[in-house]
$ cat model-v7.cif   # mmCIF, C-alpha atoms, pLDDT in the B column; chains and numbers go by the auth columns
data_input
#
loop_
_atom_site.group_PDB
_atom_site.id
_atom_site.type_symbol
_atom_site.label_atom_id
_atom_site.label_comp_id
_atom_site.label_asym_id
_atom_site.label_seq_id
_atom_site.Cartn_x
_atom_site.Cartn_y
_atom_site.Cartn_z
_atom_site.B_iso_or_equiv
_atom_site.auth_seq_id
_atom_site.auth_asym_id
ATOM 1 C CA MET A 1 13.123 -36.945 -21.995 92.00 1 J
ATOM 2 C CA ILE A 2 14.379 -37.935 -18.564 96.00 2 J
ATOM 3 C CA ILE A 3 11.980 -36.885 -15.820 97.00 3 J
ATOM 4 C CA VAL A 4 12.200 -37.412 -12.059 97.00 4 J
ATOM 5 C CA LEU A 5 8.964 -37.801 -10.086 96.00 5 J
ATOM 6 C CA LEU A 6 8.749 -36.472 -6.536 94.00 6 J
ATOM 7 C CA GLY A 7 5.775 -36.487 -4.211 91.00 7 J
ATOM 8 C CA PRO A 8 4.392 -38.001 -1.031 88.00 8 J
ATOM 9 C CA PRO A 9 2.948 -41.514 -0.815 82.00 9 J
ATOM 10 C CA GLY A 10 -0.510 -41.505 -2.362 84.00 10 J
ATOM 11 C CA ALA A 11 0.034 -38.428 -4.529 89.00 11 J
ATOM 12 C CA GLY A 12 -0.550 -40.495 -7.660 90.00 12 J
ATOM 13 C CA LYS A 13 2.924 -40.097 -9.129 90.00 13 J
ATOM 14 C CA GLY A 14 3.122 -43.795 -10.006 88.00 14 J
ATOM 15 C CA THR A 15 -0.121 -43.717 -11.976 91.00 15 J
ATOM 16 C CA GLN A 16 0.704 -40.421 -13.657 95.00 16 J
ATOM 17 C CA GLY A 17 4.221 -41.695 -14.357 95.00 17 J
ATOM 18 C CA GLU A 18 2.772 -44.682 -16.214 94.00 18 J
ATOM 19 C CA ARG A 19 0.511 -42.415 -18.266 95.00 19 J
ATOM 20 C CA LEU A 20 3.366 -40.055 -19.075 96.00 20 J
ATOM 21 C CA ALA A 21 5.664 -42.938 -20.006 96.00 21 J
ATOM 22 C CA ALA A 22 3.038 -44.304 -22.391 95.00 22 J
ATOM 23 C CA ARG A 23 2.520 -40.849 -23.893 95.00 23 J
ATOM 24 C CA LEU A 24 6.261 -40.377 -24.481 95.00 24 J
ATOM 25 C CA ASP A 25 6.881 -44.042 -25.404 96.00 25 J
ATOM 26 C CA VAL A 26 9.596 -44.414 -22.773 97.00 26 J
ATOM 27 C CA PRO A 27 9.865 -46.785 -19.787 96.00 27 J
ATOM 28 C CA LYS A 28 8.874 -45.859 -16.252 95.00 28 J
ATOM 29 C CA ILE A 29 11.767 -46.964 -14.083 93.00 29 J
ATOM 30 C CA ALA A 30 11.057 -47.472 -10.372 89.00 30 J
ATOM 31 C CA THR A 31 13.835 -48.207 -7.896 86.00 31 J
ATOM 32 C CA GLY A 32 12.067 -51.197 -6.384 83.00 32 J
ATOM 33 C CA ASP A 33 11.395 -52.767 -9.780 86.00 33 J
ATOM 34 C CA VAL A 34 14.971 -52.500 -11.043 87.00 34 J
ATOM 35 C CA LEU A 35 16.350 -53.735 -7.721 86.00 35 J
ATOM 36 C CA ARG A 36 14.120 -56.799 -7.780 86.00 36 J
ATOM 37 C CA ALA A 37 15.006 -57.471 -11.420 87.00 37 J
ATOM 38 C CA ALA A 38 18.746 -57.185 -10.748 89.00 38 J
ATOM 39 C CA VAL A 39 18.478 -59.518 -7.746 87.00 39 J
ATOM 40 C CA LYS A 40 16.419 -62.044 -9.727 88.00 40 J
ATOM 41 C CA GLU A 41 18.852 -61.957 -12.655 88.00 41 J
ATOM 42 C CA GLY A 42 21.842 -62.324 -10.318 90.00 42 J
ATOM 43 C CA THR A 43 23.810 -59.430 -11.810 90.00 43 J
ATOM 44 C CA PRO A 44 26.932 -58.323 -9.894 91.00 44 J
ATOM 45 C CA LEU A 45 25.106 -55.255 -8.576 89.00 45 J
ATOM 46 C CA GLY A 46 22.036 -57.364 -7.902 89.00 46 J
ATOM 47 C CA LEU A 47 24.115 -59.703 -5.759 91.00 47 J
ATOM 48 C CA GLU A 48 25.475 -56.709 -3.820 90.00 48 J
ATOM 49 C CA ALA A 49 21.934 -55.478 -3.267 89.00 49 J
ATOM 50 C CA LYS A 50 20.766 -58.932 -2.140 89.00 50 J
ATOM 51 C CA ALA A 51 23.642 -59.216 0.326 91.00 51 J
ATOM 52 C CA ALA A 52 22.674 -55.875 1.888 87.00 52 J
ATOM 53 C CA MET A 53 18.999 -56.841 2.100 85.00 53 J
ATOM 54 C CA ASP A 54 19.845 -60.250 3.569 88.00 54 J
ATOM 55 C CA ARG A 55 21.788 -58.469 6.321 89.00 55 J
ATOM 56 C CA GLY A 56 18.791 -56.237 6.961 83.00 56 J
ATOM 57 C CA ASP A 57 20.701 -53.175 5.707 83.00 57 J
ATOM 58 C CA LEU A 58 19.590 -50.491 3.305 79.00 58 J
ATOM 59 C CA VAL A 59 20.934 -50.988 -0.208 86.00 59 J
ATOM 60 C CA PRO A 60 23.792 -48.468 -0.618 87.00 60 J
ATOM 61 C CA ASP A 61 23.118 -45.501 -2.880 87.00 61 J
ATOM 62 C CA ALA A 62 26.139 -46.440 -5.002 89.00 62 J
ATOM 63 C CA VAL A 63 24.586 -49.837 -5.754 90.00 63 J
ATOM 64 C CA ILE A 64 21.182 -48.315 -6.531 88.00 64 J
ATOM 65 C CA MET A 65 22.729 -45.747 -8.860 89.00 65 J
ATOM 66 C CA GLY A 66 24.772 -48.454 -10.561 91.00 66 J
ATOM 67 C CA ILE A 67 21.617 -50.458 -11.240 90.00 67 J
ATOM 68 C CA MET A 68 19.832 -47.311 -12.441 90.00 68 J
ATOM 69 C CA LYS A 69 22.741 -46.555 -14.766 91.00 69 J
ATOM 70 C CA GLU A 70 22.410 -49.998 -16.334 90.00 70 J
ATOM 71 C CA ALA A 71 18.656 -49.446 -16.770 92.00 71 J
ATOM 72 C CA LEU A 72 19.131 -46.037 -18.400 93.00 72 J
ATOM 73 C CA ALA A 73 21.848 -47.382 -20.689 92.00 73 J
ATOM 74 C CA ALA A 74 19.511 -50.100 -21.997 92.00 74 J
ATOM 75 C CA PRO A 75 18.137 -49.711 -25.542 95.00 75 J
ATOM 76 C CA SER A 76 14.595 -49.428 -24.162 94.00 76 J
ATOM 77 C CA ALA A 77 15.566 -46.127 -22.490 95.00 77 J
ATOM 78 C CA ALA A 78 17.250 -44.634 -25.550 95.00 78 J
ATOM 79 C CA LYS A 79 14.527 -41.973 -25.863 95.00 79 J
ATOM 80 C CA GLY A 80 14.377 -41.286 -22.138 95.00 80 J
ATOM 81 C CA ALA A 81 12.669 -42.549 -18.990 97.00 81 J
ATOM 82 C CA ILE A 82 10.359 -41.585 -16.166 97.00 82 J
ATOM 83 C CA LEU A 83 12.158 -42.120 -12.835 96.00 83 J
ATOM 84 C CA ASP A 84 9.844 -42.961 -9.934 93.00 84 J
ATOM 85 C CA GLY A 85 11.208 -43.314 -6.396 87.00 85 J
ATOM 86 C CA VAL A 86 14.809 -42.927 -7.541 89.00 86 J
ATOM 87 C CA VAL A 87 15.450 -39.704 -5.626 92.00 87 J
ATOM 88 C CA ARG A 88 14.439 -39.495 -1.965 86.00 88 J
ATOM 89 C CA THR A 89 17.490 -37.781 -0.441 89.00 89 J
ATOM 90 C CA THR A 90 20.030 -35.152 -1.506 93.00 90 J
ATOM 91 C CA PRO A 91 22.843 -37.731 -1.886 92.00 91 J
ATOM 92 C CA GLN A 92 20.594 -39.625 -4.299 91.00 92 J
ATOM 93 C CA ALA A 93 19.831 -36.418 -6.227 95.00 93 J
ATOM 94 C CA ASP A 94 23.548 -35.696 -6.480 95.00 94 J
ATOM 95 C CA GLY A 95 24.303 -39.305 -7.405 93.00 95 J
ATOM 96 C CA LEU A 96 21.705 -39.254 -10.166 95.00 96 J
ATOM 97 C CA GLN A 97 23.116 -36.002 -11.560 95.00 97 J
ATOM 98 C CA GLN A 98 26.629 -37.453 -11.649 94.00 98 J
ATOM 99 C CA MET A 99 25.369 -40.652 -13.239 93.00 99 J
ATOM 100 C CA LEU A 100 23.454 -38.786 -15.952 95.00 100 J
ATOM 101 C CA ALA A 101 26.518 -36.631 -16.622 94.00 101 J
ATOM 102 C CA ALA A 102 28.574 -39.801 -17.086 92.00 102 J
ATOM 103 C CA LEU A 103 25.992 -41.042 -19.598 93.00 103 J
ATOM 104 C CA GLY A 104 25.941 -37.667 -21.347 94.00 104 J
ATOM 105 C CA ARG A 105 22.213 -37.266 -20.779 95.00 105 J
ATOM 106 C CA PRO A 106 20.365 -34.247 -19.345 95.00 106 J
ATOM 107 C CA LEU A 107 17.673 -34.220 -16.686 96.00 107 J
ATOM 108 C CA ASP A 108 14.760 -32.530 -18.448 96.00 108 J
ATOM 109 C CA ALA A 109 12.419 -31.959 -15.533 96.00 109 J
ATOM 110 C CA VAL A 110 11.580 -32.761 -11.921 97.00 110 J
ATOM 111 C CA LEU A 111 7.833 -33.085 -11.334 96.00 111 J
ATOM 112 C CA LEU A 112 6.737 -32.402 -7.754 95.00 112 J
ATOM 113 C CA PHE A 113 3.217 -33.750 -7.098 95.00 113 J
ATOM 114 C CA GLU A 114 1.524 -31.784 -4.331 93.00 114 J
ATOM 115 C CA VAL A 115 -1.427 -32.959 -2.213 91.00 115 J
ATOM 116 C CA ASP A 116 -2.435 -31.732 1.235 88.00 116 J
ATOM 117 C CA GLU A 117 -2.085 -34.146 4.154 86.00 117 J
ATOM 118 C CA ASP A 118 -5.793 -34.593 4.894 87.00 118 J
ATOM 119 C CA GLU A 119 -6.425 -35.627 1.294 87.00 119 J
ATOM 120 C CA LEU A 120 -3.541 -38.110 1.427 84.00 120 J
ATOM 121 C CA VAL A 121 -4.921 -39.667 4.626 84.00 121 J
ATOM 122 C CA ARG A 122 -8.318 -40.004 2.935 84.00 122 J
ATOM 123 C CA ARG A 123 -6.781 -41.612 -0.143 82.00 123 J
ATOM 124 C CA LEU A 124 -4.366 -43.999 1.522 80.00 124 J
ATOM 125 C CA SER A 125 -6.674 -45.165 4.302 82.00 125 J
ATOM 126 C CA GLY A 126 -8.943 -46.463 1.512 80.00 126 J
ATOM 127 C CA ARG A 127 -6.152 -48.247 -0.331 84.00 127 J
ATOM 128 C CA THR A 128 -5.555 -51.982 -0.541 88.00 128 J
ATOM 129 C CA THR A 129 -2.478 -53.687 -1.985 89.00 129 J
ATOM 130 C CA CYS A 130 -2.066 -57.014 -3.762 90.00 130 J
ATOM 131 C CA GLU A 131 0.168 -59.346 -1.764 90.00 131 J
ATOM 132 C CA ALA A 132 1.473 -60.935 -4.978 87.00 132 J
ATOM 133 C CA CYS A 133 2.189 -58.047 -7.362 84.00 133 J
ATOM 134 C CA GLN A 134 2.159 -55.117 -4.886 81.00 134 J
ATOM 135 C CA ARG A 135 -0.219 -53.168 -7.122 83.00 135 J
ATOM 136 C CA PRO A 136 -2.293 -50.634 -5.156 84.00 136 J
ATOM 137 C CA PHE A 137 -6.070 -50.429 -5.496 86.00 137 J
ATOM 138 C CA PHE A 138 -8.566 -47.823 -4.356 81.00 138 J
ATOM 139 C CA GLY A 139 -12.198 -48.650 -3.651 81.00 139 J
ATOM 140 C CA ARG A 140 -11.555 -52.390 -3.322 88.00 140 J
ATOM 141 C CA GLN A 141 -11.733 -54.275 -0.051 87.00 141 J
ATOM 142 C CA PRO A 142 -9.262 -56.551 1.773 90.00 142 J
ATOM 143 C CA GLY A 143 -9.773 -60.196 0.855 92.00 143 J
ATOM 144 C CA GLU A 144 -10.689 -59.517 -2.781 93.00 144 J
ATOM 145 C CA THR A 145 -8.645 -61.226 -5.501 94.00 145 J
ATOM 146 C CA CYS A 146 -6.164 -59.562 -7.847 93.00 146 J
ATOM 147 C CA THR A 147 -5.170 -61.212 -11.135 89.00 147 J
ATOM 148 C CA GLU A 148 -2.977 -58.450 -12.561 82.00 148 J
ATOM 149 C CA GLY A 149 0.261 -59.415 -14.308 70.00 149 J
ATOM 150 C CA GLY A 150 -0.699 -63.062 -14.708 78.00 150 J
ATOM 151 C CA VAL A 151 -0.483 -63.886 -10.990 83.00 151 J
ATOM 152 C CA THR A 152 -3.243 -64.305 -8.440 92.00 152 J
ATOM 153 C CA GLY A 153 -3.015 -62.515 -5.124 92.00 153 J
ATOM 154 C CA THR A 154 -5.159 -61.336 -2.241 94.00 154 J
ATOM 155 C CA LEU A 155 -5.786 -57.678 -1.491 93.00 155 J
ATOM 156 C CA VAL A 156 -4.689 -56.580 1.974 91.00 156 J
ATOM 157 C CA ARG A 157 -4.613 -53.294 3.886 85.00 157 J
ATOM 158 C CA ARG A 158 -1.050 -52.491 4.903 82.00 158 J
ATOM 159 C CA LYS A 159 -0.380 -51.299 8.440 82.00 159 J
ATOM 160 C CA ASP A 160 1.368 -48.218 7.069 78.00 160 J
ATOM 161 C CA ASP A 161 -1.893 -47.219 5.362 80.00 161 J
ATOM 162 C CA GLU A 162 -3.599 -46.606 8.706 83.00 162 J
ATOM 163 C CA PRO A 163 -4.227 -42.854 9.362 83.00 163 J
ATOM 164 C CA GLU A 164 -1.695 -42.494 12.196 85.00 164 J
ATOM 165 C CA ALA A 165 0.983 -44.308 10.196 84.00 165 J
ATOM 166 C CA ILE A 166 0.241 -42.165 7.144 84.00 166 J
ATOM 167 C CA ARG A 167 0.809 -38.947 9.094 88.00 167 J
ATOM 168 C CA LYS A 168 4.136 -40.317 10.384 87.00 168 J
ATOM 169 C CA ARG A 169 5.143 -41.213 6.815 84.00 169 J
ATOM 170 C CA MET A 170 4.247 -37.692 5.730 86.00 170 J
ATOM 171 C CA GLN A 171 6.493 -36.253 8.432 88.00 171 J
ATOM 172 C CA VAL A 172 9.399 -38.418 7.250 85.00 172 J
ATOM 173 C CA TYR A 173 8.657 -37.439 3.645 85.00 173 J
ATOM 174 C CA ARG A 174 8.745 -33.724 4.463 86.00 174 J
ATOM 175 C CA GLU A 175 11.989 -34.075 6.414 88.00 175 J
ATOM 176 C CA GLN A 176 13.649 -35.963 3.549 84.00 176 J
ATOM 177 C CA THR A 177 12.166 -34.168 0.570 85.00 177 J
ATOM 178 C CA SER A 178 12.406 -30.501 1.570 87.00 178 J
ATOM 179 C CA PRO A 179 16.228 -30.601 1.277 93.00 179 J
ATOM 180 C CA VAL A 180 15.881 -32.417 -2.085 94.00 180 J
ATOM 181 C CA ILE A 181 13.636 -29.665 -3.428 93.00 181 J
ATOM 182 C CA ASP A 182 16.093 -27.031 -2.207 94.00 182 J
ATOM 183 C CA TRP A 183 18.964 -28.987 -3.803 96.00 183 J
ATOM 184 C CA TYR A 184 17.263 -29.072 -7.192 96.00 184 J
ATOM 185 C CA LYS A 185 16.439 -25.364 -7.006 94.00 185 J
ATOM 186 C CA ALA A 186 20.050 -24.545 -6.077 95.00 186 J
ATOM 187 C CA ASN A 187 21.340 -26.651 -8.968 94.00 187 J
ATOM 188 C CA GLY A 188 19.142 -25.041 -11.607 93.00 188 J
ATOM 189 C CA ALA A 189 16.838 -27.990 -12.279 94.00 189 J
ATOM 190 C CA ASN A 190 13.556 -27.511 -14.100 95.00 190 J
ATOM 191 C CA LEU A 191 11.433 -28.140 -10.997 96.00 191 J
ATOM 192 C CA VAL A 192 7.717 -28.135 -11.793 94.00 192 J
ATOM 193 C CA GLN A 193 5.020 -28.222 -9.112 94.00 193 J
ATOM 194 C CA VAL A 194 1.865 -30.115 -10.058 95.00 194 J
ATOM 195 C CA ASP A 195 -1.460 -29.863 -8.234 95.00 195 J
ATOM 196 C CA ALA A 196 -2.279 -33.574 -7.834 94.00 196 J
ATOM 197 C CA ILE A 197 -5.865 -33.171 -6.617 93.00 197 J
ATOM 198 C CA GLY A 198 -8.507 -33.985 -9.214 92.00 198 J
ATOM 199 C CA THR A 199 -9.405 -36.726 -11.656 92.00 199 J
ATOM 200 C CA LEU A 200 -6.690 -38.727 -13.388 92.00 200 J
ATOM 201 C CA GLU A 201 -7.404 -36.816 -16.579 95.00 201 J
ATOM 202 C CA GLU A 202 -7.251 -33.412 -14.863 96.00 202 J
ATOM 203 C CA VAL A 203 -3.906 -34.146 -13.212 95.00 203 J
ATOM 204 C CA GLU A 204 -2.547 -35.646 -16.429 96.00 204 J
ATOM 205 C CA GLY A 205 -3.547 -32.474 -18.253 96.00 205 J
ATOM 206 C CA ARG A 206 -1.612 -30.369 -15.748 96.00 206 J
ATOM 207 C CA VAL A 207 1.451 -32.602 -16.152 96.00 207 J
ATOM 208 C CA LEU A 208 1.375 -32.348 -19.952 95.00 208 J
ATOM 209 C CA SER A 209 0.809 -28.607 -19.797 95.00 209 J
ATOM 210 C CA ALA A 210 3.702 -28.151 -17.372 92.00 210 J
ATOM 211 C CA LEU A 211 5.982 -30.119 -19.699 93.00 211 J
ATOM 212 C CA ARG A 212 4.571 -28.353 -22.787 89.00 212 J
ATOM 213 C CA ILE A 213 3.505 -31.625 -24.330 88.00 213 J
ATOM 214 C CA SER A 214 0.542 -31.323 -26.679 70.00 214 J
#
$ encode --input "model-v7.cif" --output "structure tokens"
Amino acid sequence: MIIVLLGPPGAGKGTQGERLAARLDVPKIATGDVLRAAVKEGTPLGLEAKAAMDRGDLVPDAVIMGIMKEALAAPSAAKGAILDGVVRTTPQADGLQQMLAALGRPLDAVLLFEVDEDELVRRLSGRTTCEACQRPFFGRQPGETCTEGGVTGTLVRRKDDEPEAIRKRMQVYREQTSPVIDWYKANGANLVQVDAIGTLEEVEGRVLSALRIS
């Protein structure tokens, strides 16, 4: 199965994406991860991405989709993938559809994680992030140590996790994502809305039920 995850920052789509990927035995592919890997490996597309970032520019959608195509064509994604952060705009949604068509693979579902703004502010204002691995943590304080992934880092509170910044991010998210949702509806995608408030197990249950996975 190939599934796209949509939702605001702090909705839990990354965590639920990891759980769903493990359940389906497929990789979770995040844009940032594949970009960093391509840059580190020095692939042709990775070098294009690095050049854009070095100039302070956004990485072009064509480069991102090219890197995603390579990731989806890898043997590890033969059974499918969970795509996190790949689609943020309508050009990216269209680019992904064209890329999947070129690979001869269908998009099985688009999961839209929904959380109200006050809950997101509560969640994110209590979040810290590891400087080394970028893993988010809830309920842990700045200055604590993270040893995930074999590296040691310090937990920090990002400026964009302050309440005012969160509300601005939500405004940008709504402006960008509303057209994406409309695009998927207009193009007949299997768009599934998921109530993302609750325990990890409760939300996971809703995801599996929505996808009819027992």
$ residues_around --input "model-v7.cif" --residues "J:Leu72" --least-positions-apart "4" --cutoff "10 Å" --atoms "only C-alpha atoms" --output "ChimeraX atom specification"
/J:2,27,29,66-68,76-81,83,99-100,103,105
$ closest_residue --input "model-v7.cif" --among "J:Tyr184, J:Val121, J:Cys130, J:Asp94" --to "J:Thr152" --atoms "only C-alpha atoms"
J:Cys130
$ closest_residue --input "model-v7.cif" --among "J:Ser125, J:Met170, J:Ala93, J:Val87" --to "J:Ala186" --atoms "only C-alpha atoms"
J:Ala93
$ residues_around --input "model-v7.cif" --residues "J:Ile181" --least-positions-apart "3" --cutoff "9 Å" --atoms "all atoms listed in the file" --output "VMD selection string"
chain J and resid 6 90 112 177 to 178 184 to 186 191
$ resolve_selection --input "model-v7.cif" --expression "the PyMOL selection byres ((chain J and resi 36-45) around 10)" --output "ChimeraX atom specification"
/J:31-35,46-51,62-67,70-71
$ closest_residue --input "model-v7.cif" --among "J:Val115, J:Ala165, J:Cys146, J:Leu107" --to "J:Gly188" --atoms "only C-alpha atoms"
J:Leu107
$ atom_distance --input "model-v7.cif" --atom1 "atom CA of J:Ala109" --atom2 "atom CA of J:Ala210"
9.7 Å
$ resolve_selection --input "model-v7.cif" --expression "the PyMOL selection byres ((chain J and resi 134-144) around 12)" --output "PyMOL selection string"
chain J and resi 9-10+12+14-15+32-33+122-133+145-149+151-158+161
$ atom_distance --input "model-v7.cif" --atom1 "atom CA of J:Gln97" --atom2 "atom CA of J:Ala74"
17.9 Å
$ axis_aligned_box --input "model-v7.cif" --around "stretch 113-132 of chain J" --padding-each-side "4 Å" --output "JSON"
{"center_x": -2.9, "center_y": -46.3, "center_z": -1.1, "size_x": 20.2, "size_y": 37.2, "size_z": 20.0}
$ atom_distance --input "model-v7.cif" --atom1 "atom CA of J:Leu24" --atom2 "atom CA of J:Gln193"
19.6 Å
$ closest_residue --input "model-v7.cif" --among "J:Glu18, J:Asp84, J:Glu162, J:Asp25" --to "J:Val4" --atoms "all atoms listed in the file"
J:Asp84
$ decode --input "model-v7.cif" --residues "stretch 34-72 of chain J" --atoms "C-alpha atoms" --output "CSV table (one decimal), in the first residue's frame"
chain,number,residue,atom,x,y,z
J,34,VAL,CA,15.4,11.1,1.8
J,35,LEU,CA,16.8,14.6,1.0
J,36,ARG,CA,19.5,14.3,3.7
J,37,ALA,CA,20.3,10.8,2.6
J,38,ALA,CA,20.6,11.9,-1.1
J,39,VAL,CA,22.8,14.8,-0.1
J,40,LYS,CA,25.0,12.6,2.1
J,41,GLU,CA,25.4,10.0,-0.6
J,42,GLY,CA,26.2,12.6,-3.3
J,43,THR,CA,23.7,11.4,-5.8
J,44,PRO,CA,23.0,13.6,-8.9
J,45,LEU,CA,19.7,14.7,-7.4
J,46,GLY,CA,21.3,15.0,-4.0
J,47,LEU,CA,23.9,17.4,-5.4
J,48,GLU,CA,21.1,19.5,-7.0
J,49,ALA,CA,19.3,19.6,-3.7
J,50,LYS,CA,22.5,20.6,-1.9
J,51,ALA,CA,23.2,23.4,-4.4
J,52,ALA,CA,19.7,24.8,-3.8
J,53,MET,CA,20.1,24.7,0.0
J,54,ASP,CA,23.5,26.2,-0.2
J,55,ARG,CA,22.0,29.2,-2.1
J,56,GLY,CA,19.3,29.5,0.6
J,57,ASP,CA,16.7,28.4,-1.9
J,58,LEU,CA,13.9,25.9,-1.5
J,59,VAL,CA,14.7,22.5,-3.1
J,60,PRO,CA,12.6,22.4,-6.4
J,61,ASP,CA,9.6,20.1,-6.4
J,62,ALA,CA,11.1,18.3,-9.5
J,63,VAL,CA,14.2,17.4,-7.5
J,64,ILE,CA,12.2,16.3,-4.5
J,65,MET,CA,9.9,14.1,-6.6
J,66,GLY,CA,13.0,12.7,-8.4
J,67,ILE,CA,14.5,11.7,-5.0
J,68,MET,CA,11.1,10.3,-3.9
J,69,LYS,CA,10.9,8.3,-7.1
J,70,GLU,CA,14.2,6.7,-6.4
J,71,ALA,CA,13.1,5.8,-2.9
J,72,LEU,CA,9.9,4.3,-4.1
